[in-house]
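One file, data_2.cif, carrying mmCIF, C-alpha atoms:
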```cif
data_data
#
loop_
_atom_site.group_PDB
_atom_site.id
_atom_site.type_symbol
_atom_site.label_atom_id
_atom_site.label_comp_id
_atom_site.auth_asym_id
_atom_site.auth_seq_id
_atom_site.Cartn_x
_atom_site.Cartn_y
_atom_site.Cartn_z
ATOM 1 C CA MET A 1 72.639 112.973 89.714
ATOM 2 C CA ARG A 2 75.154 115.734 89.268
ATOM 3 C CA VAL A 3 77.502 117.023 91.958
ATOM 4 C CA ALA A 4 79.593 120.139 91.463
ATOM 5 C CA PRO A 5 81.271 122.861 93.518
ATOM 6 C CA THR A 6 79.910 126.394 93.251
ATOM 7 C CA LEU A 7 81.702 129.720 93.186
ATOM 8 C CA ASP A 8 80.656 130.523 96.771
ATOM 9 C CA ARG A 9 82.425 127.417 98.115
ATOM 10 C CA SER A 10 79.307 125.316 98.355
ATOM 11 C CA LEU A 11 78.516 121.990 96.799
ATOM 12 C CA ARG A 12 75.490 121.698 94.543
ATOM 13 C CA ILE A 13 73.786 118.356 94.108
ATOM 14 C CA ASP A 14 71.238 118.117 91.318
ATOM 15 C CA ALA A 15 68.854 115.214 91.739
ATOM 16 C CA GLU A 16 67.096 114.108 88.566
ATOM 17 C CA ASN A 17 64.538 111.636 89.868
ATOM 18 C CA ALA A 18 63.214 109.748 92.875
ATOM 19 C CA THR A 19 66.100 107.286 92.771
ATOM 20 C CA ASP A 20 68.631 110.091 93.257
ATOM 21 C CA TRP A 21 66.800 111.305 96.358
ATOM 22 C CA LEU A 22 66.629 107.745 97.634
ATOM 23 C CA ILE A 23 70.392 107.338 97.209
ATOM 24 C CA LEU A 24 70.962 110.549 99.147
ATOM 25 C CA GLU A 25 68.600 109.410 101.899
ATOM 26 C CA MET A 26 70.549 106.158 102.105
ATOM 27 C CA ILE A 27 73.442 108.168 103.600
ATOM 28 C CA CYS A 28 71.352 108.546 106.760
ATOM 29 C CA THR A 29 69.990 105.016 106.626
ATOM 30 C CA ASP A 30 73.456 103.504 106.288
ATOM 31 C CA ALA A 31 74.911 105.809 108.950
ATOM 32 C CA SER A 32 72.163 104.753 111.365
ATOM 33 C CA GLN A 33 72.780 101.061 110.839
ATOM 34 C CA MET A 34 76.157 100.776 112.533
ATOM 35 C CA PRO A 35 76.400 97.122 113.534
ATOM 36 C CA ASP A 36 77.052 95.822 117.071
ATOM 37 C CA GLU A 37 77.350 99.093 118.946
ATOM 38 C CA PRO A 38 77.277 102.840 118.236
ATOM 39 C CA LEU A 39 80.375 104.473 116.764
ATOM 40 C CA ALA A 40 81.046 106.490 119.927
ATOM 41 C CA ASP A 41 81.193 103.252 121.933
ATOM 42 C CA LYS A 42 83.526 101.662 119.405
ATOM 43 C CA LEU A 43 85.888 104.632 119.651
ATOM 44 C CA ALA A 44 85.701 104.545 123.457
ATOM 45 C CA LEU A 45 87.291 101.080 123.384
ATOM 46 C CA TYR A 46 90.531 102.803 122.384
ATOM 47 C CA MET A 47 90.389 104.719 125.674
ATOM 48 C CA ALA A 48 89.172 101.807 127.822
ATOM 49 C CA ALA A 49 91.983 102.396 130.316
ATOM 50 C CA ASP A 50 90.457 105.765 131.175
ATOM 51 C CA GLU A 51 87.640 105.065 133.645
ATOM 52 C CA ASP A 52 85.857 108.368 133.028
ATOM 53 C CA TRP A 53 85.951 108.298 129.235
ATOM 54 C CA ALA A 54 82.815 106.221 128.668
ATOM 55 C CA GLU A 55 80.864 108.311 131.162
ATOM 56 C CA LEU A 56 82.036 111.794 130.186
ATOM 57 C CA ILE A 57 83.169 111.751 126.571
ATOM 58 C CA THR A 58 81.180 108.985 124.884
ATOM 59 C CA PRO A 59 77.682 110.480 125.369
ATOM 60 C CA GLU A 60 78.894 113.807 123.985
ATOM 61 C CA LEU A 61 80.370 112.075 120.933
ATOM 62 C CA ALA A 62 77.206 110.016 120.440
ATOM 63 C CA ASP A 63 75.156 113.234 120.423
ATOM 64 C CA GLN A 64 77.488 114.804 117.899
ATOM 65 C CA PHE A 65 77.320 111.817 115.566
ATOM 66 C CA SER A 66 73.515 111.706 115.819
ATOM 67 C CA SER A 67 73.317 115.439 115.100
ATOM 68 C CA GLN A 68 75.294 114.963 111.903
ATOM 69 C CA ILE A 69 72.831 112.368 110.644
ATOM 70 C CA ILE A 70 69.811 114.472 111.643
ATOM 71 C CA HIS A 71 71.299 117.528 109.930
ATOM 72 C CA VAL A 72 71.808 115.678 106.641
ATOM 73 C CA SER A 73 68.397 114.044 106.841
ATOM 74 C CA ARG A 74 66.700 117.428 107.310
ATOM 75 C CA SER A 75 68.695 118.983 104.451
ATOM 76 C CA ILE A 76 67.545 116.234 102.102
ATOM 77 C CA SER A 77 63.922 116.221 103.212
ATOM 78 C CA THR A 78 63.589 120.022 103.055
ATOM 79 C CA ALA A 79 65.349 120.485 99.702
ATOM 80 C CA ASP A 80 63.176 122.059 97.003
ATOM 81 C CA LYS A 81 61.763 119.382 94.721
ATOM 82 C CA ALA A 82 59.667 119.827 91.586
ATOM 83 C CA LEU A 83 56.674 117.628 90.823
ATOM 84 C CA ASP A 84 58.853 115.374 88.680
ATOM 85 C CA LEU A 85 61.242 115.130 91.656
ATOM 86 C CA THR A 86 64.058 117.035 90.040
ATOM 87 C CA GLY A 87 65.682 119.409 92.483
ATOM 88 C CA SER A 88 68.865 120.814 93.923
ATOM 89 C CA LEU A 89 70.546 120.519 97.260
ATOM 90 C CA PHE A 90 73.295 122.862 98.439
ATOM 91 C CA ILE A 91 75.937 121.947 100.982
ATOM 92 C CA LYS A 92 77.279 125.223 102.327
ATOM 93 C CA ALA A 93 80.749 125.535 103.821
ATOM 94 C CA GLU A 94 79.336 125.727 107.367
ATOM 95 C CA ASP A 95 77.428 122.470 106.805
ATOM 96 C CA ALA A 96 80.280 120.593 105.177
ATOM 97 C CA ASN A 97 81.651 119.063 108.393
ATOM 98 C CA SER A 98 78.239 117.646 109.322
ATOM 99 C CA TRP A 99 77.813 116.197 105.850
ATOM 100 C CA PHE A 100 81.307 114.749 105.839
ATOM 101 C CA GLY A 101 80.756 113.229 109.282
ATOM 102 C CA ALA A 102 77.429 111.648 108.356
ATOM 103 C CA ILE A 103 78.824 110.244 105.114
ATOM 104 C CA ASN A 104 81.818 108.895 107.013
ATOM 105 C CA GLN A 105 79.488 107.129 109.440
ATOM 106 C CA ALA A 106 77.668 105.629 106.446
ATOM 107 C CA ARG A 107 80.945 104.362 104.977
ATOM 108 C CA LEU A 108 82.133 102.986 108.324
ATOM 109 C CA SER A 109 78.816 101.199 108.699
ATOM 110 C CA LEU A 110 78.978 99.704 105.195
ATOM 111 C CA GLU A 111 82.564 98.599 105.761
ATOM 112 C CA GLU A 112 81.605 96.825 108.972
ATOM 113 C CA ARG A 113 78.541 95.195 107.464
ATOM 114 C CA PHE A 114 79.972 94.168 104.096
ATOM 115 C CA GLU A 115 83.795 94.437 104.408
ATOM 116 C CA ILE A 116 83.871 96.590 101.308
ATOM 117 C CA SER A 117 87.648 97.120 101.561
ATOM 118 C CA ARG A 118 88.255 93.516 100.479
ATOM 119 C CA PHE A 119 87.216 94.659 96.994
ATOM 120 C CA ASP A 120 89.586 97.658 96.937
ATOM 121 C CA ASP A 121 91.985 95.987 94.517
ATOM 122 C CA LEU A 122 89.087 95.271 92.210
ATOM 123 C CA ALA A 123 87.723 98.822 92.280
ATOM 124 C CA GLU A 124 88.495 99.529 88.641
ATOM 125 C CA GLU A 125 86.786 96.359 87.546
ATOM 126 C CA GLN A 126 83.786 96.661 89.841
ATOM 127 C CA ASP A 127 81.436 97.546 87.014
ATOM 128 C CA ASN A 128 82.217 94.252 85.364
ATOM 129 C CA LEU A 129 82.143 92.146 88.499
ATOM 130 C CA GLU A 130 79.130 90.051 89.161
ATOM 131 C CA PHE A 131 78.073 89.713 92.768
ATOM 132 C CA GLU A 132 75.749 86.964 93.801
ATOM 133 C CA ASP A 133 74.461 89.070 96.661
ATOM 134 C CA PRO A 134 72.511 92.081 95.325
ATOM 135 C CA ALA A 135 72.712 93.754 98.744
ATOM 136 C CA LEU A 136 76.497 93.575 98.562
ATOM 137 C CA LYS A 137 76.542 95.010 95.047
ATOM 138 C CA ALA A 138 74.268 97.882 96.108
ATOM 139 C CA ALA A 139 76.447 98.496 99.174
ATOM 140 C CA ILE A 140 79.586 98.712 97.027
ATOM 141 C CA VAL A 141 77.941 101.177 94.652
ATOM 142 C CA ARG A 142 76.765 103.360 97.560
ATOM 143 C CA TYR A 143 80.164 103.135 99.255
ATOM 144 C CA HIS A 144 81.936 104.431 96.164
ATOM 145 C CA PHE A 145 79.350 107.161 95.663
ATOM 146 C CA TYR A 146 79.823 108.294 99.275
ATOM 147 C CA THR A 147 83.604 108.218 98.805
ATOM 148 C CA SER A 148 83.325 110.431 95.719
ATOM 149 C CA LEU A 149 81.093 112.868 97.584
ATOM 150 C CA GLN A 150 83.601 113.032 100.448
ATOM 151 C CA SER A 151 86.490 113.578 98.044
ATOM 152 C CA ILE A 152 84.693 116.524 96.438
ATOM 153 C CA LEU A 153 83.852 117.983 99.858
ATOM 154 C CA LEU A 154 87.488 117.663 100.877
ATOM 155 C CA GLU A 155 88.929 119.125 97.719
ATOM 156 C CA TYR A 156 86.610 122.076 97.244
ATOM 157 C CA ILE A 157 85.215 122.984 100.662
ATOM 158 C CA LEU A 158 86.957 121.503 103.681
ATOM 159 C CA ASP A 159 90.649 121.825 102.805
ATOM 160 C CA MET B 1 118.266 107.653 141.987
ATOM 161 C CA HIS B 2 120.562 108.145 144.915
ATOM 162 C CA HIS B 3 119.017 111.525 145.656
ATOM 163 C CA VAL B 4 115.473 110.063 145.863
ATOM 164 C CA GLN B 5 116.553 107.320 148.312
ATOM 165 C CA GLN B 6 118.085 109.880 150.629
ATOM 166 C CA MET B 7 114.867 111.926 150.637
ATOM 167 C CA ARG B 8 112.780 108.885 151.539
ATOM 168 C CA LEU B 9 114.749 108.487 154.729
ATOM 169 C CA GLU B 10 114.293 112.086 155.662
ATOM 170 C CA SER B 11 110.562 112.529 155.096
ATOM 171 C CA PRO B 12 107.720 110.424 153.676
ATOM 172 C CA SER B 13 105.923 113.576 152.523
ATOM 173 C CA THR B 14 108.925 114.619 150.495
ATOM 174 C CA ASP B 15 108.912 111.179 148.962
ATOM 175 C CA PHE B 16 105.275 111.646 147.949
ATOM 176 C CA GLN B 17 106.087 114.972 146.326
ATOM 177 C CA THR B 18 108.926 113.435 144.422
ATOM 178 C CA LYS B 19 106.690 110.686 143.067
ATOM 179 C CA THR B 20 103.981 113.160 142.125
ATOM 180 C CA THR B 21 106.430 115.274 140.204
ATOM 181 C CA THR B 22 107.696 112.229 138.362
ATOM 182 C CA GLN B 23 104.172 111.169 137.397
ATOM 183 C CA THR B 24 103.046 114.529 136.073
ATOM 184 C CA THR B 25 106.110 114.964 133.936
ATOM 185 C CA THR B 26 105.892 111.540 132.317
ATOM 186 C CA PRO B 27 105.248 112.249 128.643
ATOM 187 C CA TRP B 28 102.273 110.644 126.947
ATOM 188 C CA SER B 29 101.866 109.984 123.260
ATOM 189 C CA VAL B 30 98.836 110.265 121.010
ATOM 190 C CA VAL B 31 98.597 107.265 118.695
ATOM 191 C CA ILE B 32 96.409 107.104 115.587
ATOM 192 C CA PHE B 33 95.484 103.726 114.083
ATOM 193 C CA ASP B 34 94.939 102.964 110.421
ATOM 194 C CA ASP B 35 91.490 102.002 109.177
ATOM 195 C CA PRO B 36 90.219 101.150 105.709
ATOM 196 C CA VAL B 37 87.571 103.878 105.587
ATOM 197 C CA ASN B 38 88.980 107.302 106.458
ATOM 198 C CA LEU B 39 90.426 108.975 103.385
ATOM 199 C CA MET B 40 94.145 109.752 103.384
ATOM 200 C CA ALA B 41 93.522 113.388 102.488
ATOM 201 C CA TYR B 42 91.045 113.623 105.376
ATOM 202 C CA VAL B 43 93.545 112.242 107.913
ATOM 203 C CA THR B 44 96.094 114.769 106.634
ATOM 204 C CA LEU B 45 93.553 117.589 106.992
ATOM 205 C CA ILE B 46 92.665 116.595 110.555
ATOM 206 C CA LEU B 47 96.329 116.392 111.571
ATOM 207 C CA LYS B 48 96.786 119.916 110.210
ATOM 208 C CA ARG B 49 93.670 121.215 111.969
ATOM 209 C CA ILE B 50 94.158 119.635 115.386
ATOM 210 C CA PHE B 51 97.932 119.728 115.832
ATOM 211 C CA GLY B 52 98.734 122.681 113.596
ATOM 212 C CA TYR B 53 101.158 120.663 111.487
ATOM 213 C CA ASN B 54 102.086 121.923 108.045
ATOM 214 C CA LYS B 55 101.143 119.867 104.992
ATOM 215 C CA THR B 56 104.515 118.095 104.777
ATOM 216 C CA GLN B 57 104.497 117.043 108.447
ATOM 217 C CA ALA B 58 100.858 115.975 108.327
ATOM 218 C CA GLU B 59 101.331 113.912 105.160
ATOM 219 C CA LYS B 60 104.406 112.196 106.626
ATOM 220 C CA LEU B 61 102.460 111.155 109.730
ATOM 221 C CA MET B 62 99.420 110.137 107.692
ATOM 222 C CA LEU B 63 101.592 107.869 105.529
ATOM 223 C CA GLU B 64 103.146 106.379 108.658
ATOM 224 C CA VAL B 65 99.656 105.544 109.938
ATOM 225 C CA HIS B 66 98.747 104.092 106.563
ATOM 226 C CA ASN B 67 101.907 102.025 106.035
ATOM 227 C CA ALA B 68 102.736 100.932 109.595
ATOM 228 C CA GLY B 69 99.159 100.601 110.849
ATOM 229 C CA LYS B 70 99.647 103.256 113.512
ATOM 230 C CA SER B 71 101.750 106.276 114.323
ATOM 231 C CA ILE B 72 102.635 108.440 117.285
ATOM 232 C CA VAL B 73 101.489 111.858 116.161
ATOM 233 C CA TRP B 74 102.144 113.921 119.286
ATOM 234 C CA THR B 75 103.887 113.616 122.675
ATOM 235 C CA GLY B 76 103.427 115.773 125.754
ATOM 236 C CA GLU B 77 101.327 116.147 128.881
ATOM 237 C CA LYS B 78 98.615 113.571 129.574
ATOM 238 C CA GLU B 79 95.711 116.026 129.827
ATOM 239 C CA GLN B 80 96.545 117.595 126.485
ATOM 240 C CA ALA B 81 96.991 114.153 124.937
ATOM 241 C CA GLU B 82 93.502 113.184 126.137
ATOM 242 C CA LEU B 83 92.057 116.357 124.646
ATOM 243 C CA TYR B 84 93.690 115.576 121.327
ATOM 244 C CA VAL B 85 92.284 112.038 121.353
ATOM 245 C CA GLN B 86 88.836 113.444 122.070
ATOM 246 C CA GLN B 87 89.167 115.737 119.048
ATOM 247 C CA LEU B 88 90.398 112.859 116.878
ATOM 248 C CA HIS B 89 87.426 110.725 117.961
ATOM 249 C CA CYS B 90 85.149 113.657 117.060
ATOM 250 C CA HIS B 91 86.510 113.259 113.540
ATOM 251 C CA GLN B 92 85.946 109.483 113.695
ATOM 252 C CA LEU B 93 89.628 108.582 113.755
ATOM 253 C CA LYS B 94 90.763 105.670 115.903
ATOM 254 C CA ALA B 95 93.164 107.030 118.487
ATOM 255 C CA THR B 96 94.468 106.402 121.973
ATOM 256 C CA ILE B 97 97.112 107.594 124.384
ATOM 257 C CA GLN B 98 100.072 105.652 125.685
ATOM 258 C CA LYS B 99 102.949 106.384 128.011
ATOM 259 C CA SER B 100 105.879 107.584 125.997
ATOM 260 C CA GLN B 101 108.870 105.228 126.014
#
```
For this file, produce the structure as structure tokens.
Amino acid sequence: MRVAPTLDRSLRIDAENATDWLILEMICTDASQMPDEPLADKLALYMAADEDWAELITPELADQFSSQIIHVSRSISTADKALDLTGSLFIKAEDANSWFGAINQARLSLEERFEISRFDDLAEEQDNLEFEDPALKAAIVRYHFYTSLQSILLEYILD
Amino acid sequence: MHHVQQMRLESPSTDFQTKTTTQTTTPWSVVIFDDPVNLMAYVTLILKRIFGYNKTQAEKLMLEVHNAGKSIVWTGEKEQAELYVQQLHCHQLKATIQKSQ
């Protein structure tokens, strides 16, 4: 997979095979698997003293977070793909916030499920580390891919 | 203090007004908490977008959040503070309001 900014302030993602598309789709899968309770409810705990917050603000936030995931899912599923499953996906400036939000939800979810941050100090050595749990290893790889995608979005489109 | 006590004796309604005034002018602070996921550059960007801080101010506050675990990023009226927290939550940042000390 190749990811690069374009001259018109978009981000172009070139997928080279089915695995690349699967990795992109995992953004939505991971984002949808927030453990315990939805993200909007988790954030509402910080405003628990406000009686109206959960009733008025939380549903609106939950809708917004869901919309981000749906938006990214549609972009991936409707991207032009050749028979050999090569294809390109463009993240335009107006879509960048939705993409960033969905990817952030995916990273938050992975962090909660696997505590990825405990391996932060080992980031440079991660390629050489051997994890007994293949799910954990896959989660770490996805987490770092999502982080790279967010960094590119931030540097070239959002900021 | 002395002035408020004198008003209480004169009229309960005046006392109520005095209390109301005190409550509405109590400053509230917006507090952002650190988390291991949100990127430092993203927190800086959101501080610039929501509060209108310049890059230097935003980076200073972001580093305070990162190093101290939390930071007061704005102080003012309660309603505005709540609006700011709502916007911060929209960007998936952990934030709350607290009465300013």
Let me have the centre and edge lengths in Å, one decimal, of the box along x, y and z around every listed atom of region 105-121 of chain A with 5 Å of margin on each side, as JSON.
```
{"center_x": 84.8, "center_y": 100.3, "center_z": 102.0, "size_x": 24.3, "size_y": 23.6, "size_z": 24.9}
```
Quick one: everything within 9 Å of Gly76 (chain B), counting all atoms listed in the file, minus sequence neighbours fewer than 5 positions away in the same chain. Send it as a PDB file with C-alpha atoms, in the frame of the given file.
```pdb
ATOM      1  CA  THR B  25     106.110 114.964 133.936  1.00  0.00           C
ATOM      2  CA  THR B  26     105.892 111.540 132.317  1.00  0.00           C
ATOM      3  CA  PRO B  27     105.248 112.249 128.643  1.00  0.00           C
ATOM      4  CA  TRP B  28     102.273 110.644 126.947  1.00  0.00           C
ATOM      5  CA  SER B  29     101.866 109.984 123.260  1.00  0.00           C
ATOM      6  CA  VAL B  30      98.836 110.265 121.010  1.00  0.00           C
ATOM      7  CA  ALA B  81      96.991 114.153 124.937  1.00  0.00           C
ATOM      8  CA  SER B 100     105.879 107.584 125.997  1.00  0.00           C
TER       9      SER B 100
END
```
- Task: Considering all atoms listed in the file, return as a VMD selection string whatever protein or nucleic-acid residues lie within 9 Å of Ile50 (chain B), sequence-local ones (same chain, fewer than 3 positions apart) excluded.
- Result: chain B and resid 45 to 47 53 84 87 to 88
Show me which bits of chain B are within 9 Å of chain A, counting all atoms listed in the file, as a compact mmCIF listing (two decimals) with C-alpha atoms, keeping the file's coordinate frame.
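Saved the output as out.txt:
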```txt
# COMPACT_ATOMS: atom_id res chain seq x y z
CA PRO B 36 90.22 101.15 105.71
CA VAL B 37 87.57 103.88 105.59
CA ASN B 38 88.98 107.30 106.46
CA LEU B 39 90.43 108.98 103.38
CA ALA B 41 93.52 113.39 102.49
CA TYR B 42 91.04 113.62 105.38
CA LEU B 45 93.55 117.59 106.99
CA VAL B 85 92.28 112.04 121.35
CA GLN B 86 88.84 113.44 122.07
CA HIS B 89 87.43 110.72 117.96
CA CYS B 90 85.15 113.66 117.06
CA HIS B 91 86.51 113.26 113.54
CA GLN B 92 85.95 109.48 113.70
CA LEU B 93 89.63 108.58 113.76
CA LYS B 94 90.76 105.67 115.90
CA ALA B 95 93.16 107.03 118.49
CA THR B 96 94.47 106.40 121.97
CA ILE B 97 97.11 107.59 124.38
```
- Choose the residue, out of A:Leu22, A:Ile76, A:Ile103, A:Leu83, that has the smallest atom-to-atom separation from Ser148 (chain A); count only C-alpha atoms.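 Among A:Leu22, A:Ile76, A:Ile103, A:Leu83, it is A:Ile103 that comes nearest to Ser148 (chain A).
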- Message: Rounded to one decimal, what separation in Å do you get between CA of Leu24 (chain A) and CA of Met40 (chain B)?
- Response: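 CA of Leu24 (chain A) sits 23.6 Å away from CA of Met40 (chain B).
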- Query: How many Å lie between CA of Ser73 (chain A) and CA of Ala135 (chain A), rounded to one decimal?
  - Reply: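 Between CA of Ser73 (chain A) and CA of Ala135 (chain A) the gap works out to 22.3 Å.
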- the PyMOL selection byres ((chain A and resi 11) around 9) applied to the shown file, residues as a PyMOL selection string: chain A and resi 3-6+8-10+12-13+89-93+96+152-153+156-157
- Task: Determine the nearest neighbour of Thr44 (chain B) from the options B:Leu63, B:Ala68, B:Ala58, B:Leu83, counting only C-alpha atoms.
- Result: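 Once distances to Thr44 (chain B) are computed over only C-alpha atoms, the minimum belongs to B:Ala58.
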Return as a tab-separated table (two decimals) with C-alpha atoms, keeping the file's coordinate frame the set of residues that the PyMOL selection byres ((chain A and resi 75) around 10) yields on the displayed structure.
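Result file expr23.tsv:
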```tsv
chain	number	residue	atom	x	y	z
A	25	GLU	CA	68.60	109.41	101.90
A	69	ILE	CA	72.83	112.37	110.64
A	70	ILE	CA	69.81	114.47	111.64
A	71	HIS	CA	71.30	117.53	109.93
A	72	VAL	CA	71.81	115.68	106.64
A	73	SER	CA	68.40	114.04	106.84
A	74	ARG	CA	66.70	117.43	107.31
A	76	ILE	CA	67.54	116.23	102.10
A	77	SER	CA	63.92	116.22	103.21
A	78	THR	CA	63.59	120.02	103.06
A	79	ALA	CA	65.35	120.48	99.70
A	80	ASP	CA	63.18	122.06	97.00
A	89	LEU	CA	70.55	120.52	97.26
A	90	PHE	CA	73.30	122.86	98.44
A	91	ILE	CA	75.94	121.95	100.98
A	95	ASP	CA	77.43	122.47	106.80
A	99	TRP	CA	77.81	116.20	105.85
```
- In Å, how far is it from CA of Ile23 (chain A) to CA of Asp34 (chain B)?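 We find that CA of Ile23 (chain A) and CA of Asp34 (chain B) lie 28.2 Å from each other.
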